[in-house]
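Reading through the C-alpha coordinates given below for one structure.
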Amino acid sequence: MSAVSSSAATPLFSEGTAFWQELIENCKRNVEAINTCVRDHGLEGNDLIVWRPGKEMHIAKVTCPSTEIRANITFHSWGPVISGTITGWEYEDTRFLLEEFEFPIAKDLDGEVVAIFDEGRSFSPRDLACYLAQKFHRCYPGIALPC
(Lines give C-alpha, C1' and ligand atoms only; values in the text may rest on other atoms or scores of the structure.)
Protein backbone atom coordinates (compact mmCIF):
# COMPACT_ATOMS: atom_id res chain seq x y z
CA MET A 1 0.00 0.00 0.00
CA SER A 2 1.37 3.42 -0.88
CA ALA A 3 1.85 6.23 1.64
CA VAL A 4 -0.91 8.23 -0.04
CA SER A 5 -3.54 5.53 0.26
CA SER A 6 -2.37 4.71 3.79
CA SER A 7 -2.80 8.31 4.93
CA ALA A 8 -6.16 8.54 3.19
CA ALA A 9 -7.38 5.50 5.15
CA THR A 10 -6.46 7.04 8.52
CA PRO A 11 -9.36 8.99 10.00
CA LEU A 12 -8.60 12.69 10.56
CA PHE A 13 -5.13 12.39 9.00
CA SER A 14 -5.07 15.85 7.41
CA GLU A 15 -6.91 17.43 10.37
CA GLY A 16 -4.47 15.84 12.83
CA THR A 17 -1.49 16.98 10.80
CA ALA A 18 -2.85 20.54 10.66
CA PHE A 19 -3.60 20.47 14.42
CA TRP A 20 -0.02 19.29 15.12
CA GLN A 21 1.51 22.06 12.97
CA GLU A 22 -0.64 24.70 14.65
CA LEU A 23 0.29 23.31 18.08
CA ILE A 24 3.99 23.54 17.22
CA GLU A 25 3.63 27.16 16.06
CA ASN A 26 1.72 28.09 19.24
CA CYS A 27 4.33 26.36 21.42
CA LYS A 28 7.14 28.24 19.66
CA ARG A 29 5.33 31.55 20.26
CA ASN A 30 4.85 30.64 23.94
CA VAL A 31 8.54 29.77 24.34
CA GLU A 32 9.50 33.13 22.81
CA ALA A 33 7.04 34.99 25.07
CA ILE A 34 8.24 33.19 28.21
CA ASN A 35 11.90 33.82 27.33
CA THR A 36 11.16 37.52 26.73
CA CYS A 37 9.44 37.71 30.13
CA VAL A 38 12.32 35.87 31.84
CA ARG A 39 14.89 38.18 30.20
CA ASP A 40 12.89 41.17 31.48
CA HIS A 41 13.52 39.74 34.96
CA GLY A 42 17.30 39.63 34.37
CA LEU A 43 17.74 35.93 33.57
CA GLU A 44 19.76 34.75 30.55
CA GLY A 45 21.58 31.75 29.09
CA ASN A 46 20.69 28.42 30.71
CA ASP A 47 17.76 30.04 32.51
CA LEU A 48 15.90 30.31 29.20
CA ILE A 49 13.70 27.67 27.60
CA VAL A 50 15.25 25.93 24.61
CA TRP A 51 13.34 24.71 21.55
CA ARG A 52 15.08 21.65 20.12
CA PRO A 53 14.05 20.95 16.53
CA GLY A 54 13.49 17.42 15.35
CA LYS A 55 10.84 14.86 14.50
CA GLU A 56 9.19 15.32 17.88
CA MET A 57 8.50 18.51 19.79
CA HIS A 58 11.17 18.96 22.46
CA ILE A 59 11.13 21.97 24.79
CA ALA A 60 13.37 22.25 27.84
CA LYS A 61 14.80 24.45 30.55
CA VAL A 62 17.97 22.63 31.58
CA THR A 63 19.02 24.27 34.86
CA CYS A 64 17.32 23.43 38.18
CA PRO A 65 14.50 23.68 38.64
CA SER A 66 14.20 22.18 35.17
CA THR A 67 11.38 21.00 32.95
CA GLU A 68 11.52 18.98 29.76
CA ILE A 69 8.55 18.36 27.48
CA ARG A 70 8.65 15.83 24.67
CA ALA A 71 5.66 15.25 22.42
CA ASN A 72 4.87 13.62 19.11
CA ILE A 73 1.90 12.70 16.99
CA THR A 74 1.09 9.16 15.95
CA PHE A 75 -1.57 8.00 13.55
CA HIS A 76 -3.57 4.94 14.51
CA SER A 77 -6.35 3.14 12.67
CA TRP A 78 -8.87 5.06 14.82
CA GLY A 79 -7.18 8.46 14.40
CA PRO A 80 -4.30 10.69 15.50
CA VAL A 81 -2.99 10.95 19.06
CA ILE A 82 -0.58 13.49 20.52
CA SER A 83 1.39 11.90 23.34
CA GLY A 84 4.42 12.74 25.38
CA THR A 85 6.12 13.18 28.71
CA ILE A 86 6.94 15.98 31.10
CA THR A 87 9.97 15.50 33.35
CA GLY A 88 12.35 17.68 35.29
CA TRP A 89 14.44 18.24 38.36
CA GLU A 90 13.31 20.19 41.40
CA TYR A 91 16.82 20.11 42.88
CA GLU A 92 20.08 18.56 41.67
CA ASP A 93 19.15 15.30 43.44
CA THR A 94 15.33 15.42 43.36
CA ARG A 95 13.34 14.66 40.22
CA PHE A 96 9.77 15.76 39.62
CA LEU A 97 7.39 12.88 39.09
CA LEU A 98 7.17 11.79 35.47
CA GLU A 99 3.97 13.01 33.86
CA GLU A 100 2.71 11.27 30.74
CA PHE A 101 -0.04 12.63 28.52
CA GLU A 102 -2.13 11.46 25.62
CA PHE A 103 -4.52 13.64 23.63
CA PRO A 104 -6.61 11.91 20.96
CA ILE A 105 -7.56 14.26 18.12
CA ALA A 106 -11.25 14.36 17.23
CA LYS A 107 -14.01 16.59 15.94
CA ASP A 108 -16.31 18.02 18.59
CA LEU A 109 -20.05 18.49 18.16
CA ASP A 110 -19.68 21.75 16.23
CA GLY A 111 -17.12 20.25 13.84
CA GLU A 112 -14.03 21.86 15.40
CA VAL A 113 -10.87 19.70 15.47
CA VAL A 114 -9.76 19.40 19.11
CA ALA A 115 -7.48 17.44 21.41
CA ILE A 116 -9.49 15.47 23.96
CA PHE A 117 -8.31 15.73 27.56
CA ASP A 118 -9.48 14.06 30.75
CA GLU A 119 -13.14 13.07 30.67
CA GLY A 120 -14.00 14.82 27.43
CA ARG A 121 -12.59 18.30 27.97
CA SER A 122 -11.35 19.62 24.64
CA PHE A 123 -8.38 21.82 23.74
CA SER A 124 -7.72 23.86 20.63
CA PRO A 125 -4.06 23.93 19.49
CA ARG A 126 -3.65 27.26 21.32
CA ASP A 127 -5.23 25.87 24.52
CA LEU A 128 -2.99 22.79 24.44
CA ALA A 129 0.10 24.95 23.87
CA CYS A 130 -0.86 27.07 26.91
CA TYR A 131 -1.43 23.92 28.98
CA LEU A 132 2.09 22.72 28.13
CA ALA A 133 3.65 26.16 28.67
CA GLN A 134 2.18 26.31 32.18
CA LYS A 135 4.39 23.34 33.10
CA PHE A 136 7.34 25.77 33.06
CA HIS A 137 5.86 27.80 35.92
CA ARG A 138 7.70 25.61 38.42
CA CYS A 139 10.97 26.79 36.80
CA TYR A 140 10.10 30.43 37.47
CA PRO A 141 8.05 30.50 40.69
CA GLY A 142 8.46 34.25 41.23
CA ILE A 143 7.58 35.30 37.68
CA ALA A 144 4.10 35.61 36.17
CA LEU A 145 4.39 33.84 32.83
CA PRO A 146 2.46 35.18 29.83
CA CYS A 147 0.55 31.91 29.20
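Residue numbering restarts at 1 in every chain; chains get A, B, ... in the order shown in the C-alpha coordinates, and ligands count up from 1 in that same order.
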Applying 7 Å and only C-alpha atoms, which residues near range 48-65 of chain A remain after dropping the ones on its own chain fewer than 2 positions away? List them as a list of chain:residue names.
A:Val31, A:Asn35, A:Glu44, A:Gly45, A:Asn46, A:Thr67, A:Glu68, A:Ile69, A:Arg70, A:Ala71, A:Asn72, A:Trp89, A:Glu90, A:Tyr91, A:Glu92, A:Cys139
Step one, run DSSP on the backbone; step two, keep only residues of chain A assigned to strand (DSSP E); then write them as a PyMOL selection string.
chain A and resi 50-52+57-61+67-76+79-87+89-91+94-95+99-107+113-117+121-123
Once DSSP has gone over the backbone, tell me which residues of range 3-125 of chain A are in alpha helix (DSSP H), as an MDAnalysis selection string.
chainID A and resid 3:9 13:40 125
Spatial neighbours of range 13-15 of chain A, 10 Å, only C-alpha atoms, chain gap at least 5 places, as a list in words:
Ser6, Ser7, Ala8, Trp20, Gln21, Thr74, Phe75, His76, Gly79, Pro80, Ile105, Ala106, Lys107, Glu112, Val113 and Val114 of chain A
Could you tell me how far CA of Glu100 in chain A sits from CA of Ala144 in chain A, in Å to one decimal place?
25.0 Å
Please provide the set of residues having any atom within 8 Å of Leu128 in chain A, restricted to only C-alpha atoms, with same-chain residues fewer than 4 positions apart removed, written as a ChimeraX atom specification.
/A:23,115,123-124,132
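In this structure, CA of Gly142 in chain A sits 26.6 Å away from CA of Glu25 in chain A.
Residue nearest Ala33 in chain A, chosen from A:Phe19, A:Cys130, A:Glu119, A:Asp110 and counting only C-alpha atoms: A:Cys130.
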What does the distance from CA of Thr17 in chain A to CA of His137 in chain A come to in Å, to one decimal?
28.3 Å
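Closest approach to Glu102 in chain A from the set A:Val38, A:Val81, A:Ile86, A:Ala129 is made by A:Val81, with distances taken over only C-alpha atoms.
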Could you check which of A:Leu98, A:Ala133, A:Leu145, A:Ile82 is closest to Phe117 in chain A, using only C-alpha atoms?
A:Ile82
